[in-house]
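Chemist: Hey, dropping work23.pdb in here, PDB, C-alpha atoms and all ligand atoms:
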ATOM      1  CA  MET A   1     133.833 156.352  83.007  1.00  0.00           C
ATOM      2  CA  GLY A   2     130.526 157.599  81.724  1.00  0.00           C
ATOM      3  CA  GLN A   3     127.288 155.623  81.826  1.00  0.00           C
ATOM      4  CA  GLU A   4     127.832 154.487  78.246  1.00  0.00           C
ATOM      5  CA  ASP A   5     131.361 153.209  79.003  1.00  0.00           C
ATOM      6  CA  LEU A   6     130.097 151.284  82.009  1.00  0.00           C
ATOM      7  CA  HIS A   7     127.366 149.750  79.912  1.00  0.00           C
ATOM      8  CA  LYS A   8     129.895 148.726  77.242  1.00  0.00           C
ATOM      9  CA  ALA A   9     132.226 147.224  79.881  1.00  0.00           C
ATOM     10  CA  ARG A  10     129.364 145.230  81.369  1.00  0.00           C
ATOM     11  CA  GLU A  11     128.398 143.883  77.959  1.00  0.00           C
ATOM     12  CA  ALA A  12     132.010 143.021  77.109  1.00  0.00           C
ATOM     13  CA  LYS A  13     132.270 141.054  80.352  1.00  0.00           C
ATOM     14  CA  LYS A  14     129.106 139.122  79.505  1.00  0.00           C
ATOM     15  CA  ASP A  15     130.570 138.448  76.062  1.00  0.00           C
ATOM     16  CA  GLU A  16     133.360 136.502  77.756  1.00  0.00           C
ATOM     17  CA  PHE A  17     131.195 134.557  80.149  1.00  0.00           C
ATOM     18  CA  TYR A  18     131.783 130.812  79.758  1.00  0.00           C
ATOM     19  CA  THR A  19     128.948 128.372  80.219  1.00  0.00           C
ATOM     20  CA  GLN A  20     129.391 125.741  82.911  1.00  0.00           C
ATOM     21  CA  LEU A  21     129.258 122.071  81.952  1.00  0.00           C
ATOM     22  CA  VAL A  22     126.634 121.333  84.584  1.00  0.00           C
ATOM     23  CA  ASP A  23     124.312 123.983  83.113  1.00  0.00           C
ATOM     24  CA  ILE A  24     124.764 122.533  79.619  1.00  0.00           C
ATOM     25  CA  GLU A  25     124.025 119.013  80.886  1.00  0.00           C
ATOM     26  CA  ASN A  26     120.957 120.165  82.802  1.00  0.00           C
ATOM     27  CA  GLU A  27     119.526 121.990  79.801  1.00  0.00           C
ATOM     28  CA  LEU A  28     120.392 119.569  77.013  1.00  0.00           C
ATOM     29  CA  LYS A  29     119.121 116.474  78.804  1.00  0.00           C
ATOM     30  CA  HIS A  30     115.656 117.644  77.734  1.00  0.00           C
ATOM     31  CA  TYR A  31     116.499 117.487  74.022  1.00  0.00           C
ATOM     32  CA  ARG A  32     118.590 114.323  73.719  1.00  0.00           C
ATOM     33  CA  GLU A  33     116.337 112.605  71.184  1.00  0.00           C
ATOM     34  CA  HIS A  34     116.617 115.553  68.775  1.00  0.00           C
ATOM     35  CA  PHE A  35     120.343 115.059  68.150  1.00  0.00           C
ATOM     36  CA  ARG A  36     120.387 111.611  66.535  1.00  0.00           C
ATOM     37  CA  GLY A  37     121.984 111.736  63.080  1.00  0.00           C
ATOM     38  CA  LYS A  38     122.454 115.493  63.265  1.00  0.00           C
ATOM     39  CA  THR A  39     125.351 117.840  62.567  1.00  0.00           C
ATOM     40  CA  VAL A  40     125.811 120.191  65.509  1.00  0.00           C
ATOM     41  CA  LEU A  41     127.561 123.543  65.201  1.00  0.00           C
ATOM     42  CA  CYS A  42     128.932 125.552  68.130  1.00  0.00           C
ATOM     43  CA  ASN A  43     129.894 128.786  66.421  1.00  0.00           C
ATOM     44  CA  CYS A  44     130.986 131.021  69.289  1.00  0.00           C
ATOM     45  CA  ASP A  45     133.142 128.458  70.992  1.00  0.00           C
ATOM     46  CA  ASP A  46     136.849 128.153  71.308  1.00  0.00           C
ATOM     47  CA  PRO A  47     136.931 124.343  71.385  1.00  0.00           C
ATOM     48  CA  ARG A  48     139.876 124.319  73.787  1.00  0.00           C
ATOM     49  CA  VAL A  49     137.815 125.997  76.490  1.00  0.00           C
ATOM     50  CA  SER A  50     134.201 125.520  75.459  1.00  0.00           C
ATOM     51  CA  ASN A  51     132.112 123.183  77.556  1.00  0.00           C
ATOM     52  CA  PHE A  52     129.713 122.907  74.622  1.00  0.00           C
ATOM     53  CA  PHE A  53     132.492 121.274  72.635  1.00  0.00           C
ATOM     54  CA  HIS A  54     133.316 119.118  75.645  1.00  0.00           C
ATOM     55  CA  TYR A  55     129.697 118.043  76.086  1.00  0.00           C
ATOM     56  CA  PHE A  56     129.055 117.145  72.457  1.00  0.00           C
ATOM     57  CA  SER A  57     132.403 115.428  71.852  1.00  0.00           C
ATOM     58  CA  TYR A  58     132.198 113.289  75.001  1.00  0.00           C
ATOM     59  CA  ASN A  59     128.518 112.451  74.378  1.00  0.00           C
ATOM     60  CA  PHE A  60     128.896 112.053  70.612  1.00  0.00           C
ATOM     61  CA  GLU A  61     128.069 108.324  70.480  1.00  0.00           C
ATOM     62  CA  GLN A  62     125.405 108.471  73.172  1.00  0.00           C
ATOM     63  CA  LEU A  63     123.569 111.228  71.327  1.00  0.00           C
ATOM     64  CA  GLY A  64     124.126 109.503  67.980  1.00  0.00           C
ATOM     65  CA  LEU A  65     125.577 112.627  66.397  1.00  0.00           C
ATOM     66  CA  LYS A  66     126.659 112.718  62.778  1.00  0.00           C
ATOM     67  CA  LYS A  67     129.216 115.503  63.096  1.00  0.00           C
ATOM     68  CA  LEU A  68     130.346 118.208  65.495  1.00  0.00           C
ATOM     69  CA  ILE A  69     131.731 121.485  64.154  1.00  0.00           C
ATOM     70  CA  THR A  70     133.120 124.160  66.425  1.00  0.00           C
ATOM     71  CA  THR A  71     134.530 127.539  65.512  1.00  0.00           C
ATOM     72  CA  CYS A  72     136.490 129.901  67.701  1.00  0.00           C
ATOM     73  CA  TYR A  73     136.699 133.638  67.474  1.00  0.00           C
ATOM     74  CA  LYS A  74     140.120 135.251  66.976  1.00  0.00           C
ATOM     75  CA  ASN A  75     142.067 134.088  69.961  1.00  0.00           C
ATOM     76  CA  GLN A  76     144.041 130.856  69.815  1.00  0.00           C
ATOM     77  CA  GLU A  77     145.550 131.060  73.262  1.00  0.00           C
ATOM     78  CA  ARG A  78     144.327 128.776  75.997  1.00  0.00           C
ATOM     79  CA  ASP A  79     143.094 131.410  78.420  1.00  0.00           C
ATOM     80  CA  LEU A  80     139.549 131.808  79.605  1.00  0.00           C
ATOM     81  CA  PHE A  81     139.391 135.557  79.231  1.00  0.00           C
ATOM     82  CA  SER A  82     140.576 136.010  75.687  1.00  0.00           C
ATOM     83  CA  GLN A  83     142.379 139.174  74.710  1.00  0.00           C
ATOM     84  CA  HIS A  84     141.442 138.434  71.085  1.00  0.00           C
ATOM     85  CA  ASN A  85     145.004 139.231  70.074  1.00  0.00           C
ATOM     86  CA  SER A  86     145.209 136.759  67.221  1.00  0.00           C
ATOM     87  CA  GLU A  87     143.291 137.609  64.075  1.00  0.00           C
ATOM     88  CA  ARG A  88     143.264 134.113  62.656  1.00  0.00           C
ATOM     89  CA  ALA A  89     140.916 131.542  64.103  1.00  0.00           C
ATOM     90  CA  ILE A  90     140.367 127.815  63.822  1.00  0.00           C
ATOM     91  CA  TRP A  91     137.463 125.461  63.401  1.00  0.00           C
ATOM     92  CA  LEU A  92     137.328 121.854  64.504  1.00  0.00           C
ATOM     93  CA  GLU A  93     135.492 118.928  63.102  1.00  0.00           C
ATOM     94  CA  TYR A  94     134.785 115.795  65.111  1.00  0.00           C
ATOM     95  CA  ASN A  95     133.221 112.724  63.552  1.00  0.00           C
ATOM     96  CA  GLY A  96     133.240 110.487  66.589  1.00  0.00           C
ATOM     97  CA  ASP A  97     135.448 107.968  68.264  1.00  0.00           C
ATOM     98  CA  HIS A  98     137.496 105.719  65.996  1.00  0.00           C
ATOM     99  CA  ASN A  99     139.711 103.790  68.408  1.00  0.00           C
ATOM    100  CA  GLY A 100     136.950 102.552  70.685  1.00  0.00           C
ATOM    101  CA  ASN A 101     137.909 104.392  73.878  1.00  0.00           C
ATOM    102  CA  ARG A 102     134.855 106.689  73.719  1.00  0.00           C
ATOM    103  CA  VAL A 103     137.072 109.712  74.246  1.00  0.00           C
ATOM    104  CA  PRO A 104     137.713 112.464  71.675  1.00  0.00           C
ATOM    105  CA  ASP A 105     141.463 112.026  71.275  1.00  0.00           C
ATOM    106  CA  PRO A 106     143.464 114.877  69.666  1.00  0.00           C
ATOM    107  CA  GLU A 107     144.250 112.720  66.613  1.00  0.00           C
ATOM    108  CA  GLU A 108     140.505 112.185  66.063  1.00  0.00           C
ATOM    109  CA  ILE A 109     139.745 115.907  65.986  1.00  0.00           C
ATOM    110  CA  GLY A 110     140.307 117.673  62.692  1.00  0.00           C
ATOM    111  CA  ILE A 111     141.835 121.135  63.098  1.00  0.00           C
ATOM    112  CA  ASN A 112     141.255 123.606  60.278  1.00  0.00           C
ATOM    113  CA  TYR A 113     142.350 127.217  59.929  1.00  0.00           C
ATOM    114  CA  LEU A 114     139.886 129.908  59.023  1.00  0.00           C
ATOM    115  CA  GLN A 115     140.936 132.659  56.650  1.00  0.00           C
ATOM    116  CA  GLY A 116     139.466 135.322  58.884  1.00  0.00           C
ATOM    117  CA  ASP A 117     138.826 135.877  62.572  1.00  0.00           C
ATOM    118  CA  GLY A 118     135.968 133.388  63.073  1.00  0.00           C
ATOM    119  CA  ASP A 119     133.241 136.002  63.315  1.00  0.00           C
ATOM    120  CA  PHE A 120     129.977 134.061  63.123  1.00  0.00           C
ATOM    121  CA  ARG A 121     128.818 136.582  60.481  1.00  0.00           C
ATOM    122  CA  SER A 122     131.730 135.930  58.101  1.00  0.00           C
ATOM    123  CA  GLN A 123     131.046 134.058  54.872  1.00  0.00           C
ATOM    124  CA  GLU A 124     133.248 131.095  55.799  1.00  0.00           C
ATOM    125  CA  CYS A 125     131.410 130.695  59.118  1.00  0.00           C
ATOM    126  CA  ILE A 126     128.085 131.051  57.333  1.00  0.00           C
ATOM    127  CA  GLU A 127     129.124 128.150  55.074  1.00  0.00           C
ATOM    128  CA  LEU A 128     129.619 126.051  58.218  1.00  0.00           C
ATOM    129  CA  LEU A 129     126.270 127.266  59.529  1.00  0.00           C
ATOM    130  CA  LYS A 130     124.608 126.020  56.356  1.00  0.00           C
ATOM    131  CA  GLN A 131     125.946 122.502  57.060  1.00  0.00           C
ATOM    132  CA  ALA A 132     124.470 122.456  60.544  1.00  0.00           C
ATOM    133  CA  ASP A 133     121.182 120.877  61.537  1.00  0.00           C
ATOM    134  CA  ILE A 134     121.354 122.253  65.051  1.00  0.00           C
ATOM    135  CA  VAL A 135     123.299 125.207  66.429  1.00  0.00           C
ATOM    136  CA  VAL A 136     124.056 125.205  70.135  1.00  0.00           C
ATOM    137  CA  THR A 137     126.035 127.910  71.864  1.00  0.00           C
ATOM    138  CA  ASN A 138     125.980 130.852  74.183  1.00  0.00           C
ATOM    139  CA  PRO A 139     126.723 133.785  71.824  1.00  0.00           C
ATOM    140  CA  PRO A 140     128.222 137.154  72.783  1.00  0.00           C
ATOM    141  CA  PHE A 141     125.571 139.079  74.648  1.00  0.00           C
ATOM    142  CA  SER A 142     126.293 142.309  72.773  1.00  0.00           C
ATOM    143  CA  LEU A 143     125.598 140.620  69.403  1.00  0.00           C
ATOM    144  CA  PHE A 144     122.615 138.585  70.516  1.00  0.00           C
ATOM    145  CA  ARG A 145     120.080 140.208  68.168  1.00  0.00           C
ATOM    146  CA  GLU A 146     122.366 139.877  65.145  1.00  0.00           C
ATOM    147  CA  TYR A 147     123.055 136.310  66.104  1.00  0.00           C
ATOM    148  CA  VAL A 148     119.371 135.385  66.232  1.00  0.00           C
ATOM    149  CA  ALA A 149     118.640 137.306  63.019  1.00  0.00           C
ATOM    150  CA  GLN A 150     121.272 135.227  61.225  1.00  0.00           C
ATOM    151  CA  LEU A 151     119.745 131.966  62.486  1.00  0.00           C
ATOM    152  CA  VAL A 152     116.381 133.106  61.166  1.00  0.00           C
ATOM    153  CA  LYS A 153     117.882 134.192  57.831  1.00  0.00           C
ATOM    154  CA  TYR A 154     119.437 130.760  57.249  1.00  0.00           C
ATOM    155  CA  GLY A 155     116.352 128.862  58.332  1.00  0.00           C
ATOM    156  CA  LYS A 156     117.799 127.451  61.561  1.00  0.00           C
ATOM    157  CA  LYS A 157     115.274 126.748  64.265  1.00  0.00           C
ATOM    158  CA  PHE A 158     116.330 127.860  67.688  1.00  0.00           C
ATOM    159  CA  ARG A 159     115.264 127.858  71.278  1.00  0.00           C
ATOM    160  CA  ASN A 160     116.360 130.650  73.541  1.00  0.00           C
ATOM    161  CA  CYS A 161     117.366 129.267  76.910  1.00  0.00           C
ATOM    162  CA  PHE A 162     118.625 132.607  78.199  1.00  0.00           C
ATOM    163  CA  GLU A 163     116.955 134.734  80.766  1.00  0.00           C
ATOM    164  CA  LEU A 164     117.308 138.246  79.378  1.00  0.00           C
TER     165      LEU A 164
HETATM  166  C1  LIG B 201     129.364 134.583  76.278  1.00  0.00           C
HETATM  167  S1  LIG B 201     130.856 133.896  75.576  1.00  0.00           S
HETATM  168  C2  LIG B 201     130.395 132.205  75.549  1.00  0.00           C
HETATM  169  C3  LIG B 201     131.478 131.308  75.113  1.00  0.00           C
HETATM  170  C4  LIG B 201     131.002 129.873  74.896  1.00  0.00           C
HETATM  171  N1  LIG B 201     129.997 129.836  73.846  1.00  0.00           N
HETATM  172  C5  LIG B 201     130.444 129.339  76.169  1.00  0.00           C
HETATM  173  O1  LIG B 201     129.221 129.313  76.299  1.00  0.00           O
HETATM  174  O2  LIG B 201     131.224 128.956  77.052  1.00  0.00           O
HETATM  175  C6  LIG B 201     130.713 134.426  73.898  1.00  0.00           C
HETATM  176  C7  LIG B 201     131.873 134.005  73.028  1.00  0.00           C
HETATM  177  O3  LIG B 201     131.680 134.545  71.730  1.00  0.00           O
HETATM  178  C8  LIG B 201     132.923 135.008  71.246  1.00  0.00           C
HETATM  179  N2  LIG B 201     132.652 136.045  70.244  1.00  0.00           N
HETATM  180  C9  LIG B 201     132.646 137.388  70.415  1.00  0.00           C
HETATM  181  N3  LIG B 201     132.350 138.011  69.272  1.00  0.00           N
HETATM  182  C10 LIG B 201     132.163 137.022  68.336  1.00  0.00           C
HETATM  183  C11 LIG B 201     131.863 137.026  66.977  1.00  0.00           C
HETATM  184  N4  LIG B 201     131.668 138.168  66.326  1.00  0.00           N
HETATM  185  N5  LIG B 201     131.767 135.848  66.328  1.00  0.00           N
HETATM  186  C12 LIG B 201     131.968 134.682  66.991  1.00  0.00           C
HETATM  187  N6  LIG B 201     132.254 134.608  68.310  1.00  0.00           N
HETATM  188  C13 LIG B 201     132.356 135.779  68.983  1.00  0.00           C
HETATM  189  C14 LIG B 201     133.670 135.492  72.466  1.00  0.00           C
HETATM  190  O4  LIG B 201     135.055 135.446  72.263  1.00  0.00           O
HETATM  191  C15 LIG B 201     133.210 134.470  73.511  1.00  0.00           C
HETATM  192  O5  LIG B 201     134.102 133.387  73.534  1.00  0.00           O
END
What would you get if you wrote out this structure as structure tokens?
Ligand SMILES: C[S@@+](CC[C@H](N)C(=O)[O-])C[C@H]1O[C@@H](n2cnc3c(N)ncnc32)[C@H](O)[C@@H]1O

Modeler:
Amino acid sequence: MGQEDLHKAREAKKDEFYTQLVDIENELKHYREHFRGKTVLCNCDDPRVSNFFHYFSYNFEQLGLKKLITTCYKNQERDLFSQHNSERAIWLEYNGDHNGNRVPDPEEIGINYLQGDGDFRSQECIELLKQADIVVTNPPFSLFREYVAQLVKYGKKFRNCFEL
């Protein structure tokens, strides 16, 4: 492996780093009042493994959210270190608890198929971005600049909580 290959491998590994629930809770407790009545998008998050989806779906009523949208990139298998071997991705929509148990039950979560692979830069994902008031995720490290540029392009305010 040359230096460049090592660099690429390191970045790829960071791309598949999953954020811990405790870190999400510790960070987002500072912004609770900003979420009331808002549509939140997590656009680099396989909802079956993302703790961002977990956090917002389980705290939906407490935060007073309007809607939670989550898109996943390529892989539809339930493994933490995705091989990205499925080209078609899904997006989920959650509008809160309907049966009063304060838990996001599977039947309360709308599952939709994307035409493409769920790349946050694709037109169908951009349409979801346009619906969002707030975007919260940990994007792939290797695409960080593109990710931020897209937020700026579509007029989404953001706060960078990463230490780069
Ligand atoms: C650093 S991980 C973080 C995952 C999740 N947001 C979290 O914090 O637990 C970045 C995620 O972005 C996904 N990803 C990679 N390239 C992407 C792209 N072009 N569009 C959308 N998601 C992408 C990866 O599969 C990975 O799940």

Chemist: Using Å and a single decimal, report how far atom CA of A:Lys74 sits from atom CA of A:Leu28.

Modeler: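 Answer for the atom CA of A:Leu28 to atom CA of A:Lys74 separation: 27.1 Å.
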
Chemist: Around all the atoms of ligand LIG 201 (chain B) listed in the file, draw an axis-aligned box and extend it by 6 Å on each of the six sides; I want its centre and edge lengths in Å to one decimal, as lines of an AutoDock Vina configuration file.

Modeler:
center_x = 132.1
center_y = 133.6
center_z = 71.7
size_x = 17.8
size_y = 21.2
size_z = 22.7

Chemist: Could you give me, as JSON lines, every chain A residue with an atom at most 6 Å from ligand LIG 201 (chain B), plus its closest atom pair and distance in Å to one decimal, counting only C-alpha atoms and all ligand atoms, rows ordered by chain then number?

Modeler:
{"residue": "A:Lys14", "atom": "CA", "partner": "B:LIG201", "partner_atom": "C1", "distance": 5.6}
{"residue": "A:Asp15", "atom": "CA", "partner": "B:LIG201", "partner_atom": "C1", "distance": 4.1}
{"residue": "A:Glu16", "atom": "CA", "partner": "B:LIG201", "partner_atom": "S1", "distance": 4.2}
{"residue": "A:Phe17", "atom": "CA", "partner": "B:LIG201", "partner_atom": "C1", "distance": 4.3}
{"residue": "A:Tyr18", "atom": "CA", "partner": "B:LIG201", "partner_atom": "O2", "distance": 3.3}
{"residue": "A:Thr19", "atom": "CA", "partner": "B:LIG201", "partner_atom": "O2", "distance": 3.9}
{"residue": "A:Cys44", "atom": "CA", "partner": "B:LIG201", "partner_atom": "N6", "distance": 3.9}
{"residue": "A:Asp45", "atom": "CA", "partner": "B:LIG201", "partner_atom": "N1", "distance": 4.5}
{"residue": "A:Ser50", "atom": "CA", "partner": "B:LIG201", "partner_atom": "O2", "distance": 4.8}
{"residue": "A:Asn51", "atom": "CA", "partner": "B:LIG201", "partner_atom": "O2", "distance": 5.9}
{"residue": "A:Tyr73", "atom": "CA", "partner": "B:LIG201", "partner_atom": "N6", "distance": 4.6}
{"residue": "A:Gly118", "atom": "CA", "partner": "B:LIG201", "partner_atom": "C12", "distance": 5.7}
{"residue": "A:Asp119", "atom": "CA", "partner": "B:LIG201", "partner_atom": "N5", "distance": 3.4}
{"residue": "A:Phe120", "atom": "CA", "partner": "B:LIG201", "partner_atom": "N5", "distance": 4.1}
{"residue": "A:Thr137", "atom": "CA", "partner": "B:LIG201", "partner_atom": "N1", "distance": 4.8}
{"residue": "A:Asn138", "atom": "CA", "partner": "B:LIG201", "partner_atom": "N1", "distance": 4.2}
{"residue": "A:Pro139", "atom": "CA", "partner": "B:LIG201", "partner_atom": "C6", "distance": 4.5}
{"residue": "A:Pro140", "atom": "CA", "partner": "B:LIG201", "partner_atom": "C6", "distance": 3.9}

Chemist: Given the choices A:Tyr147, A:Tyr58, A:Arg36, A:Cys72, which gets closest to A:Asn101 if the distance is worked out from all atoms listed in the file?

Modeler: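 Looking at the shortest contact to A:Asn101, the residue is A:Tyr58.
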
Chemist: Please return, as a PDB file with C-alpha atoms, in the coordinates of the input, all polymer residues that have at least one atom within 9 Å of the point (138.0, 111.7, 70.8); use all atoms listed in the file and the file's own coordinate frame.

Modeler:
ATOM      1  CA  SER A  57     132.403 115.428  71.852  1.00  0.00           C
ATOM      2  CA  TYR A  58     132.198 113.289  75.001  1.00  0.00           C
ATOM      3  CA  TYR A  94     134.785 115.795  65.111  1.00  0.00           C
ATOM      4  CA  ASN A  95     133.221 112.724  63.552  1.00  0.00           C
ATOM      5  CA  GLY A  96     133.240 110.487  66.589  1.00  0.00           C
ATOM      6  CA  ASP A  97     135.448 107.968  68.264  1.00  0.00           C
ATOM      7  CA  HIS A  98     137.496 105.719  65.996  1.00  0.00           C
ATOM      8  CA  ASN A  99     139.711 103.790  68.408  1.00  0.00           C
ATOM      9  CA  ASN A 101     137.909 104.392  73.878  1.00  0.00           C
ATOM     10  CA  ARG A 102     134.855 106.689  73.719  1.00  0.00           C
ATOM     11  CA  VAL A 103     137.072 109.712  74.246  1.00  0.00           C
ATOM     12  CA  PRO A 104     137.713 112.464  71.675  1.00  0.00           C
ATOM     13  CA  ASP A 105     141.463 112.026  71.275  1.00  0.00           C
ATOM     14  CA  PRO A 106     143.464 114.877  69.666  1.00  0.00           C
ATOM     15  CA  GLU A 107     144.250 112.720  66.613  1.00  0.00           C
ATOM     16  CA  GLU A 108     140.505 112.185  66.063  1.00  0.00           C
ATOM     17  CA  ILE A 109     139.745 115.907  65.986  1.00  0.00           C
TER      18      ILE A 109
END

Chemist: Please, what distance in Å, to one decimal, runs between atom CA of A:Gly100 and atom CA of A:Phe52?

Modeler: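 Rounded to one decimal, the two atoms are 22.0 Å apart.
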
Chemist: The PyMOL selection byres (((chain A and resi 46) around 9) and not hetatm) on the file shown: which residues, as a list in words?

Modeler: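 Selected by the PyMOL selection byres (((chain A and resi 46) around 9) and not hetatm) here: Cys42, Asn43, Cys44, Asp45, Pro47, Arg48, Val49, Ser50, Phe53, Thr70, Thr71, Cys72, Tyr73, Lys74, Asn75, Gln76, Arg78, Ala89, Ile90 and Trp91 of chain A.
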
Chemist: What's the separation between atom CA of A:Gly37 and atom CA of A:Ala132, in Å to one decimal place?

Modeler: 11.3 Å

Chemist: Counting only C-alpha atoms, what is within 9 Å of stretch 153-159 of chain A, bar same-chain residues fewer than 2 positions away, as a PyMOL selection string?

Modeler: chain A and resi 126+129-130+132-136+148-151+161

Chemist: Counting all atoms listed in the file, what is within 6 Å of A:Lys38, bar same-chain residues fewer than 3 positions away, as a list of chain:residue names?

Modeler: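 These residues fall inside the cut-off: A:Phe35, A:Leu65, A:Lys66, A:Asp133.
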